[in-house]
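Visitor: Dropping in final.txt, which is compact mmCIF, C-alpha atoms:
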# COMPACT_ATOMS: atom_id res chain seq x y z
CA MET A 1 67.20 114.40 39.57
CA GLY A 2 66.50 118.11 40.11
CA SER A 3 68.74 120.73 41.59
CA PRO A 4 69.46 120.84 45.30
CA GLN A 5 67.40 123.34 47.25
CA ARG A 6 69.27 126.08 48.98
CA GLY A 7 69.07 126.17 52.75
CA TRP A 8 67.75 122.68 53.34
CA VAL A 9 70.64 121.85 55.65
CA GLU A 10 69.64 124.75 57.90
CA GLU A 11 66.10 123.41 57.84
CA LEU A 12 67.33 119.94 58.73
CA VAL A 13 69.30 121.39 61.63
CA SER A 14 66.26 123.31 62.82
CA ILE A 15 64.12 120.15 62.72
CA LEU A 16 66.79 118.23 64.59
CA ARG A 17 66.92 120.93 67.26
CA GLU A 18 63.14 120.87 67.70
CA SER A 19 63.12 117.10 68.14
CA VAL A 20 66.46 116.70 69.87
CA GLU A 21 65.01 115.14 73.04
CA ASP A 22 63.25 112.35 71.16
CA LEU A 23 66.10 111.79 68.74
CA CYS A 24 68.68 111.64 71.51
CA SER A 25 66.80 108.86 73.26
CA ILE A 26 67.10 106.58 70.23
CA ARG A 27 70.03 104.16 69.92
CA ASP A 28 68.75 102.30 66.91
CA GLU A 29 69.62 103.67 63.47
CA ARG A 30 66.47 102.48 61.71
CA ILE A 31 64.16 103.82 64.40
CA PHE A 32 66.08 107.10 64.22
CA GLN A 33 65.65 107.22 60.44
CA ASN A 34 61.92 106.50 60.78
CA LEU A 35 61.38 109.36 63.21
CA LEU A 36 63.52 111.78 61.24
CA GLU A 37 61.63 110.96 58.07
CA VAL A 38 58.34 111.76 59.85
CA LYS A 39 59.71 115.04 61.19
CA LEU A 40 61.09 116.06 57.79
CA ARG A 41 57.79 115.25 56.09
CA ARG A 42 55.84 117.25 58.63
CA ALA A 43 58.12 120.17 57.80
CA GLY A 44 57.31 119.75 54.11
CA LEU A 45 60.53 117.99 53.15
CA ASN A 46 59.33 114.78 51.56
CA PHE A 47 62.26 112.51 52.22
CA GLU A 48 61.93 108.76 51.89
CA LYS A 49 63.82 106.42 54.11
CA ARG A 50 66.17 103.66 53.00
CA VAL A 51 66.00 104.16 49.27
CA VAL A 52 68.22 102.10 46.98
CA LEU A 53 69.47 104.12 44.04
CA ARG A 54 70.04 102.04 40.93
CA SER A 55 71.78 102.78 37.68
CA ARG A 56 73.01 100.69 34.79
CA ASP A 57 76.51 102.11 34.87
CA ARG A 58 76.97 102.61 38.61
CA PRO A 59 76.73 100.28 41.58
CA ASP A 60 73.53 100.36 43.66
CA LEU A 61 73.65 102.70 46.60
CA GLU A 62 71.35 102.68 49.63
CA VAL A 63 70.59 106.13 50.97
CA ASP A 64 69.21 106.45 54.51
CA LEU A 65 67.00 109.43 53.68
CA TYR A 66 66.45 110.45 50.09
CA HIS A 67 64.62 113.38 48.56
CA PRO A 68 63.66 113.18 44.88
CA GLY A 69 64.86 116.76 44.53
CA GLY A 70 68.42 115.47 44.81
CA MET A 71 69.09 115.56 48.54
CA ALA A 72 70.25 112.80 50.84
CA VAL A 73 71.07 112.26 54.49
CA GLU A 74 73.33 109.49 55.73
CA VAL A 75 72.66 108.68 59.39
CA LYS A 76 75.27 107.20 61.72
CA LEU A 77 74.61 106.58 65.39
CA ASP A 78 77.57 106.29 67.74
CA PRO A 79 80.01 106.11 64.83
CA ARG A 80 83.72 106.12 64.48
CA PHE A 81 84.58 109.58 63.21
CA TYR A 82 85.15 108.50 59.61
CA GLN A 83 81.99 106.42 59.28
CA GLY A 84 79.47 107.53 56.70
CA ILE A 85 81.89 109.71 54.76
CA GLY A 86 82.35 107.15 51.99
CA GLN A 87 78.60 106.82 51.55
CA VAL A 88 78.07 110.57 51.39
CA LEU A 89 80.86 110.98 48.84
CA SER A 90 79.45 108.12 46.78
CA ALA A 91 75.98 109.67 46.82
CA ARG A 92 77.43 112.97 45.69
CA GLU A 93 79.98 111.80 43.15
CA LEU A 94 78.14 108.84 41.66
CA TYR A 95 74.53 109.97 41.90
CA GLY A 96 74.91 113.75 41.97
CA LEU A 97 73.09 114.17 45.25
CA ASP A 98 73.49 117.01 47.69
CA ALA A 99 74.34 114.64 50.52
CA VAL A 100 74.79 115.40 54.18
CA LEU A 101 76.28 113.20 56.88
CA LEU A 102 74.43 113.15 60.18
CA GLN A 103 76.37 111.66 63.07
CA VAL A 104 74.90 111.19 66.53
CA TRP A 105 77.42 111.11 69.35
CA GLU A 106 77.21 110.87 73.09
CA GLU A 107 79.74 113.68 73.16
CA VAL A 108 82.21 114.98 70.58
CA ASP A 109 85.68 115.65 71.96
CA GLU A 110 87.94 118.38 70.60
CA ARG A 111 90.22 116.00 68.73
CA THR A 112 87.31 114.40 66.90
CA LEU A 113 85.75 117.75 66.15
CA ARG A 114 88.99 119.00 64.60
CA ALA A 115 89.28 115.85 62.49
CA LEU A 116 85.68 116.10 61.29
CA SER A 117 86.00 119.82 60.53
CA ARG A 118 89.12 119.20 58.52
CA LEU A 119 87.55 116.35 56.56
CA ALA A 120 84.38 118.34 55.96
CA GLU A 121 86.31 121.35 54.67
CA ARG A 122 88.70 119.38 52.49
CA LEU A 123 85.91 117.31 50.98
CA SER A 124 83.35 120.14 50.84
CA LEU A 125 80.92 118.19 52.98
CA SER A 126 78.28 119.14 55.50
CA ILE A 127 78.52 117.04 58.62
CA VAL A 128 75.74 117.54 61.13
CA LEU A 129 76.67 116.53 64.65
CA VAL A 130 74.12 115.73 67.32
CA GLU A 131 75.46 115.42 70.85
CA ARG A 132 73.23 113.59 73.30
CA ARG A 133 74.85 114.77 76.49
CA ARG A 134 74.56 118.45 75.61
CA ARG A 135 71.40 118.02 73.53
CA ALA A 136 73.26 120.06 70.92
CA VAL A 137 73.13 120.13 67.13
CA ARG A 138 75.84 121.77 65.02
CA VAL A 139 77.22 121.66 61.52
CA VAL A 140 80.84 121.41 60.50
CA GLY A 141 81.97 122.15 56.96
CA ARG A 142 79.65 123.50 54.33
CA VAL A 143 76.28 124.89 55.45
CA GLY A 144 73.40 125.36 53.02
CA MET B 1 58.00 120.84 73.13
CA SER B 2 60.60 119.05 75.19
CA GLY B 3 58.64 116.67 77.36
CA LYS B 4 59.90 114.66 80.27
CA VAL B 5 59.66 110.96 80.91
CA ILE B 6 59.17 109.73 84.47
CA GLY B 7 59.42 106.06 85.41
CA PHE B 8 57.92 104.30 88.42
CA PHE B 9 59.31 101.14 89.94
CA SER B 10 59.67 99.66 93.38
CA ALA B 11 61.29 96.85 95.28
CA PRO B 12 58.16 95.16 96.69
CA GLY B 13 54.72 95.16 95.12
CA GLY B 14 51.64 96.92 96.46
CA VAL B 15 53.46 100.12 97.42
CA GLY B 16 51.23 102.37 95.33
CA LYS B 17 53.18 102.95 92.11
CA THR B 18 50.09 102.96 89.94
CA THR B 19 48.06 105.12 92.31
CA ILE B 20 50.83 107.70 92.58
CA ALA B 21 51.33 107.72 88.82
CA MET B 22 47.60 108.21 88.25
CA LEU B 23 47.34 111.01 90.79
CA LEU B 24 50.38 112.75 89.33
CA GLY B 25 48.85 112.40 85.88
CA TRP B 26 45.62 113.94 87.11
CA LYS B 27 47.35 116.85 88.87
CA LEU B 28 49.64 117.54 85.91
CA ARG B 29 46.61 117.64 83.59
CA GLU B 30 44.91 120.06 85.96
CA ARG B 31 48.02 122.21 85.74
CA GLY B 32 47.48 122.33 81.98
CA LEU B 33 50.16 119.88 80.90
CA SER B 34 49.64 117.09 78.40
CA VAL B 35 50.21 113.66 79.93
CA LEU B 36 50.71 110.20 78.49
CA MET B 37 50.48 107.19 80.79
CA VAL B 38 52.25 104.05 79.61
CA ASP B 39 51.21 100.82 81.30
CA MET B 40 54.24 98.53 81.44
CA ASP B 41 52.57 96.16 83.84
CA PRO B 42 51.11 93.03 82.22
CA SER B 43 48.60 92.79 85.07
CA VAL B 44 47.00 95.84 83.37
CA SER B 45 46.10 97.60 86.62
CA LEU B 46 46.68 101.10 85.28
CA SER B 47 44.93 100.27 82.03
CA TRP B 48 41.94 98.90 83.89
CA LEU B 49 41.73 101.85 86.28
CA LEU B 50 41.64 104.27 83.36
CA VAL B 51 39.58 102.38 80.81
CA ARG B 52 37.27 101.01 83.53
CA ARG B 53 35.01 98.93 81.30
CA GLU B 54 36.35 95.43 80.95
CA SER B 55 34.63 94.96 77.61
CA ASP B 56 36.41 98.04 76.25
CA LEU B 57 39.73 96.76 77.51
CA ILE B 58 39.22 93.40 75.81
CA ASP B 59 38.14 95.17 72.66
CA TYR B 60 41.30 97.30 72.60
CA GLU B 61 43.40 94.20 73.16
CA LYS B 62 41.67 92.42 70.30
CA LYS B 63 42.28 95.40 68.04
CA GLY B 64 45.93 95.41 69.04
CA ARG B 65 45.94 98.90 70.55
CA THR B 66 48.43 97.82 73.17
CA LEU B 67 51.99 98.48 74.24
CA SER B 68 53.18 95.03 73.21
CA ARG B 69 51.94 95.61 69.66
CA ILE B 70 53.76 98.95 69.48
CA ILE B 71 56.97 97.36 70.75
CA LYS B 72 56.66 94.68 68.10
CA LYS B 73 56.11 97.17 65.31
CA VAL B 74 58.56 99.91 66.27
CA VAL B 75 61.37 98.06 67.97
CA GLU B 76 61.34 94.67 66.29
CA GLU B 77 59.95 95.32 62.84
CA LYS B 78 61.30 98.91 62.67
CA GLU B 79 58.01 100.11 61.27
CA GLU B 80 56.71 103.61 61.46
CA VAL B 81 53.85 103.92 63.91
CA ASP B 82 51.52 106.80 64.58
CA LEU B 83 51.19 107.03 68.35
CA ARG B 84 47.68 108.46 67.97
CA ASP B 85 46.48 105.11 66.64
CA TYR B 86 47.34 103.48 69.97
CA VAL B 87 46.51 106.12 72.54
CA ILE B 88 43.23 105.81 74.42
CA SER B 89 41.88 108.91 76.15
CA ARG B 90 39.82 108.64 79.30
CA PRO B 91 38.64 111.26 81.79
CA PHE B 92 40.09 110.77 85.23
CA PRO B 93 39.06 110.47 88.04
CA SER B 94 35.50 111.10 86.89
CA GLY B 95 33.67 111.92 83.69
CA ARG B 96 33.80 115.64 84.41
CA ASP B 97 37.60 115.69 84.61
CA LEU B 98 40.19 116.20 81.93
CA GLU B 99 41.23 113.23 79.87
CA LEU B 100 44.40 111.26 80.44
CA ASP B 101 45.99 109.52 77.48
CA VAL B 102 47.08 105.96 78.04
CA VAL B 103 48.83 103.21 76.13
CA ILE B 104 47.40 100.08 77.64
CA SER B 105 49.19 96.88 78.51
CA ASP B 106 48.19 93.32 77.73
CA MET B 107 49.19 89.77 78.58
CA ASP B 108 51.47 89.58 75.57
CA LEU B 109 53.80 92.21 77.01
CA VAL B 110 55.77 89.63 79.02
CA ARG B 111 56.42 87.52 75.95
CA ILE B 112 57.40 90.48 73.78
CA VAL B 113 59.72 92.01 76.37
CA ASP B 114 61.30 88.65 77.20
CA SER B 115 61.85 87.72 73.59
CA TYR B 116 63.54 91.06 72.95
CA TRP B 117 65.58 90.96 76.15
CA PHE B 118 66.83 87.42 75.67
CA GLY B 119 67.23 87.79 71.91
CA SER B 120 70.35 88.82 70.08
CA HIS B 121 69.69 92.55 70.21
CA ALA B 122 72.55 94.88 70.97
CA ARG B 123 71.98 97.49 73.66
CA ARG B 124 68.78 95.85 74.84
CA GLU B 125 68.58 98.22 77.80
CA TYR B 126 67.61 100.98 75.37
CA MET B 127 64.55 99.13 74.05
CA LEU B 128 62.01 101.33 75.81
CA SER B 129 64.08 104.45 75.21
CA ASN B 130 64.18 103.61 71.49
CA LEU B 131 60.46 102.99 71.52
CA LEU B 132 59.52 106.27 73.18
CA GLY B 133 61.98 108.20 71.04
CA GLY B 134 60.67 106.54 67.88
CA LEU B 135 57.12 107.46 68.85
CA GLY B 136 58.18 111.03 69.51
CA VAL B 137 56.57 111.17 72.95
CA ARG B 138 58.74 114.05 74.14
CA SER B 139 57.56 116.17 71.25
CA ALA B 140 53.95 115.16 71.72
CA TYR B 141 53.56 115.25 75.52
CA ASP B 142 54.79 117.43 78.35
CA CYS B 143 55.01 114.39 80.55
CA THR B 144 55.09 110.65 79.96
CA LEU B 145 54.61 108.45 83.03
CA LEU B 146 55.81 104.84 82.84
CA ASP B 147 54.21 102.47 85.29
CA THR B 148 56.20 99.26 85.63
CA ILE B 149 56.19 96.16 87.79
CA PRO B 150 58.17 95.48 90.99
CA PHE B 151 61.85 94.64 90.98
CA TYR B 152 61.18 90.89 91.00
CA ASP B 153 61.67 91.22 87.29
CA ARG B 154 64.70 93.46 86.92
CA LYS B 155 64.28 94.05 83.18
CA TYR B 156 61.47 96.53 83.68
CA ALA B 157 63.44 98.65 86.13
CA VAL B 158 66.44 98.68 83.79
CA LEU B 159 64.26 99.67 80.85
CA ALA B 160 62.62 102.43 82.89
CA VAL B 161 65.97 103.78 84.09
CA TYR B 162 67.25 104.03 80.51
CA ALA B 163 64.04 105.50 79.12
CA ALA B 164 63.20 107.99 81.86
CA ASP B 165 64.73 111.29 82.88
CA ARG B 166 63.83 110.51 86.48
CA CYS B 167 62.30 107.60 88.36
CA VAL B 168 59.97 107.66 91.33
CA VAL B 169 60.52 104.80 93.76
CA PRO B 170 57.67 104.46 96.28
CA LEU B 171 57.96 102.47 99.49
CA ARG B 172 55.94 102.01 102.63
CA PRO B 173 57.42 103.07 105.97
CA SER B 174 58.15 99.54 107.09
CA ILE B 175 61.38 97.72 107.87
CA ILE B 176 60.80 95.16 105.14
CA ASP B 177 60.14 97.82 102.47
CA ALA B 178 63.13 99.88 103.56
CA TYR B 179 65.33 96.78 103.54
CA ARG B 180 64.17 95.58 100.13
CA THR B 181 64.38 99.05 98.62
CA GLY B 182 67.91 99.39 99.98
CA MET B 183 68.88 96.03 98.46
CA MET B 184 67.38 97.04 95.14
CA LEU B 185 69.17 100.38 95.08
CA ARG B 186 72.45 98.74 95.98
CA GLU B 187 72.03 96.38 93.03
CA LEU B 188 70.84 98.99 90.58
CA PRO B 189 74.21 100.48 89.47
CA GLU B 190 75.51 97.03 88.66
CA ILE B 191 72.50 95.81 86.72
CA THR B 192 72.03 99.07 84.84
CA GLY B 193 75.72 99.68 84.26
CA ILE B 194 75.24 103.29 85.38
CA ARG B 195 77.49 104.63 88.12
CA GLY B 196 75.76 105.52 91.36
CA GLU B 197 76.82 109.19 91.20
CA GLU B 198 74.99 109.50 87.92
CA LEU B 199 72.09 107.22 88.72
CA PHE B 200 70.99 108.16 92.24
CA PRO B 201 70.25 111.85 91.72
CA ARG B 202 67.72 110.69 89.12
CA MET B 203 65.96 108.42 91.62
CA GLY B 204 63.34 109.89 93.94
CA LEU B 205 62.21 107.86 96.92
CA VAL B 206 58.79 108.63 98.32
CA PHE B 207 57.23 107.17 101.44
CA ASN B 208 53.66 106.18 100.70
CA MET B 209 50.81 104.97 102.92
CA VAL B 210 52.17 106.85 105.90
CA ARG B 211 49.97 106.93 109.00
CA ARG B 212 50.32 110.49 110.14
CA GLY B 213 50.90 111.22 113.79
CA THR B 214 52.20 107.73 114.53
CA LYS B 215 55.70 106.42 115.22
CA GLN B 216 55.98 105.65 111.53
CA GLU B 217 57.01 109.25 110.99
CA ARG B 218 59.96 108.83 113.32
CA PHE B 219 60.96 105.62 111.58
CA ILE B 220 60.96 107.46 108.27
CA GLU B 221 63.59 109.88 109.57
CA ARG B 222 65.77 106.92 110.50
CA TYR B 223 65.22 105.19 107.13
CA VAL B 224 66.18 108.41 105.35
CA GLU B 225 69.42 108.60 107.36
CA LEU B 226 70.20 104.98 106.52
CA PHE B 227 69.53 105.41 102.80
CA ARG B 228 71.79 108.45 102.71
CA GLU B 229 74.50 106.70 104.69
CA LYS B 230 74.37 103.22 103.18
CA ILE B 231 73.25 103.88 99.62
CA SER B 232 74.11 107.40 98.53
CA ALA B 233 73.92 110.93 99.85
CA ARG B 234 72.95 111.93 96.33
CA LEU B 235 69.78 109.85 96.35
CA TYR B 236 66.76 112.14 96.30
CA ILE B 237 64.29 111.41 99.07
CA PHE B 238 61.08 113.41 99.02
CA SER B 239 60.53 115.27 102.25
CA SER B 240 56.78 115.13 101.56
CA THR B 241 55.15 111.82 102.27
CA ILE B 242 51.84 110.45 101.04
CA PRO B 243 49.35 109.43 103.71
CA TYR B 244 47.65 106.11 104.08
CA ARG B 245 44.16 107.31 103.40
CA ILE B 246 44.71 108.41 99.84
CA SER B 247 42.92 105.69 98.06
CA PHE B 248 42.40 105.46 94.37
CA SER B 249 39.37 103.20 94.73
CA ARG B 250 37.65 105.67 97.03
CA LEU B 251 38.34 108.36 94.47
CA GLY B 252 36.26 106.41 91.99
CA THR B 253 33.12 106.01 94.09
CA GLU B 254 30.21 108.29 93.31
CA GLU B 255 28.96 109.25 96.78
CA GLU B 256 32.28 110.21 98.31
CA GLN B 257 33.80 111.75 95.26
CA SER B 258 33.79 115.40 96.21
CA ARG B 259 35.11 114.71 99.70
CA ASP B 260 37.74 112.38 98.28
CA ARG B 261 38.77 115.00 95.80
CA GLU B 262 39.30 117.53 98.59
CA ASP B 263 41.20 114.98 100.66
CA VAL B 264 43.41 113.96 97.80
CA ASN B 265 44.08 117.54 96.79
CA ARG B 266 45.04 118.47 100.31
CA GLU B 267 47.07 115.38 101.15
CA PHE B 268 48.74 114.82 97.80
CA SER B 269 49.55 118.43 96.97
CA PRO B 270 52.73 118.78 99.06
CA PHE B 271 54.25 115.76 97.33
CA PHE B 272 52.96 116.96 93.96
CA GLU B 273 54.58 120.39 94.39
CA GLU B 274 57.87 118.83 95.47
CA PHE B 275 57.68 116.38 92.58
CA CYS B 276 57.15 119.21 90.07
CA GLU B 277 60.19 121.05 91.38
CA TRP B 278 62.35 117.91 91.39
CA ALA B 279 61.25 116.78 87.93
CA GLY B 280 61.42 120.28 86.45
CA PHE B 281 57.76 120.95 85.64
Would you give me this structure, written as structure tokens?

Guide:
Amino acid sequence: MGSPQRGWVEELVSILRESVEDLCSIRDERIFQNLLEVKLRRAGLNFEKRVVLRSRDRPDLEVDLYHPGGMAVEVKLDPRFYQGIGQVLSARELYGLDAVLLQVWEEVDERTLRALSRLAERLSLSIVLVERRRRAVRVVGRVG
Amino acid sequence: MSGKVIGFFSAPGGVGKTTIAMLLGWKLRERGLSVLMVDMDPSVSLSWLLVRRESDLIDYEKKGRTLSRIIKKVVEEKEEVDLRDYVISRPFPSGRDLELDVVISDMDLVRIVDSYWFGSHARREYMLSNLLGGLGVRSAYDCTLLDTIPFYDRKYAVLAVYAADRCVVPLRPSIIDAYRTGMMLRELPEITGIRGEELFPRMGLVFNMVRRGTKQERFIERYVELFREKISARLYIFSSTIPYRISFSRLGTEEEQSRDREDVNREFSPFFEEFCEWAGF
């Protein structure tokens, strides 16, 4: 499956920041995934969208954006704060992927931010937050 | 690049939406900005004015290089689409001018939009916003201009409001236009679900086809007062108006082209400058 590349989360964040206007206008998860895949590819990160990982001894797992080098991005638009965490943990623990959760919010309030930071730290996750209202992208938890 | 999306809609028809959109496109190109025109009017007036040759227009329709086909692929089938495969570039207003990029409309647009709108889709008001985002227009163009149809069909106005950063609402300086525009604006917060305080600063009313030096100019002052009083003080109303004689068809004729160009530049420029400041160009 290959070892995770260092710094790809920073690269993802940079791509998100460059395309934040387009990404923020999308309310459909699949359309969002399509555009992000194009942007990642143009930046030389050859992710594939909606890949189902299969194994004889583990349940199938669909990954929103998958890189054969062992990276994955789980996309959640307008989620509840805990949504996507199970999928990211499954990708990491069952398939050994360096998985990142990307949540797109209208606005993240302080209470939610604290909860997500705490979860990200405790679980050693990277959670990338995109806020439409502020056109902002930030990472909580592990970076890189 | 962080491009802007500007929508055009109006209460009555024939108020000059398409003409204003085309002239803004032309002036923005002259200023060195990249511009995409999106024809959301199934009567294909903008498409026809840019493509000009009917045979070409039919050919593009047959090949499926139309807005309805993109909506079907991106929004319904969730396919990846390369915008460049659908954009048609045409010089405007004449062959010696810079090219404007356009996504043309077709007759199928009504069916596609209706089937999406009345289907089981959640957050249908974001359909056009999803489409433009999915195509990456804000990364590809400095400005995307959406020409829609009058408010008889409210869907298009709602879609434009959700997809655009700002919307230009043209009207003629007549009682009937002022009345209908007022009715439309009053209805808009309810049908869009966006509060007036948030919505109205994004709407820019412009008086078009104004006969200069006539009593129309006095009426405009009164209409402006009424809009501010009855609709919202936060509604943006352009202080520049567009005169009657700016005619897109005249701009296309060979013999009067240079004089038309001077006229249009002179008469349209005040509105254009105010528009650029308002829209942030």

Visitor: With only C-alpha atoms considered, list every residue of chain B at most 8 Å from chain A, as a list in words.

Guide: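 So the residues of chain B near chain A are Met1, Ser2, Gly3, Val74, Val75, Lys78, Glu79, Glu80, Arg123, Tyr126, Ser129, Asn130, Leu131, Leu132, Gly133, Gly134, Leu135, Gly136, Val137, Arg138, Ser139 and Ala163 of chain B.
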
Visitor: Which residue, A:Leu116, A:Val140, A:Glu131, A:Arg80, has the smallest gap to A:Arg17 when you use all atoms listed in the file?

Guide: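 Checking each candidate against A:Arg17, we get A:Glu131 as the closest.
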
Visitor: Measuring between only C-alpha atoms, which one of A:Pro59, A:Gly141, A:Gly44, A:Pro79 shows the shortest distance to A:Val100?

Guide: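 Going through A:Pro59, A:Gly141, A:Gly44, A:Pro79 one by one, the smallest distance to A:Val100 is for A:Gly141.
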
Visitor: Please list as a VMD selection string every residue within 8 Å of stretch 199-216 of chain B, counting all atoms listed in the file and excluding residues in the same chain fewer than 2 positions away.

Guide: chain B and resid 15 to 16 165 to 174 189 194 to 197 218 to 220 232 234 to 246

Visitor: If we count only C-alpha atoms, what is near A:Arg118 at a cut-off of 12 Å, once residues fewer than 6 positions away on the same chain are taken out, given as a ChimeraX atom specification?

Guide: /A:81-82,111-112,124-127,140-142

Visitor: Neighbouring residues of A:Gly84 were defined as those with any atom within 8 Å, considering all atoms listed in the file; residues of the same chain fewer than 4 positions away were excluded. Please report them as a ChimeraX atom specification.

Guide: /A:74-76,88,101

Visitor: Give me, as a ChimeraX atom specification, all polymer residues having an atom no more than 12 Å from B:Met107, counting only C-alpha atoms and skipping those fewer than 4 positions away in the same chain.

Guide: /B:39-45,47,57-58,61-62,64,66-69,111-113

Visitor: In Å, how far is it from atom CA of A:Ser117 to atom CA of A:Arg132?

Guide: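 Here the two named atoms are 19.1 Å from each other.
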
Visitor: Rounded to one decimal place, report the atom CA of B:Gly280-atom CA of B:Leu28 distance in Å.

Guide: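 About the pair atom CA of B:Gly280 and atom CA of B:Leu28: they are 12.1 Å apart.
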
Visitor: Any chance you could work out the axis-aligned box around stretch 36-47 of chain A, listed atoms only, 3 Å on each side, giving centre and edge lengths in Å to one decimal, as JSON?

Guide:
{"center_x": 59.7, "center_y": 115.6, "center_z": 56.4, "size_x": 13.7, "size_y": 15.2, "size_z": 15.7}

Visitor: Can you list, as a list in words, every protein, DNA or RNA residue that comes within 9 Å of A:Arg58 when you count only C-alpha atoms, leaving out same-chain residues fewer than 4 positions away?

Guide: Arg54, Leu94 and Tyr95 of chain A

Visitor: Take atom CA of B:Arg53 and atom CA of B:Arg90 and report the distance between them in Å, one decimal.

Guide: 11.0 Å
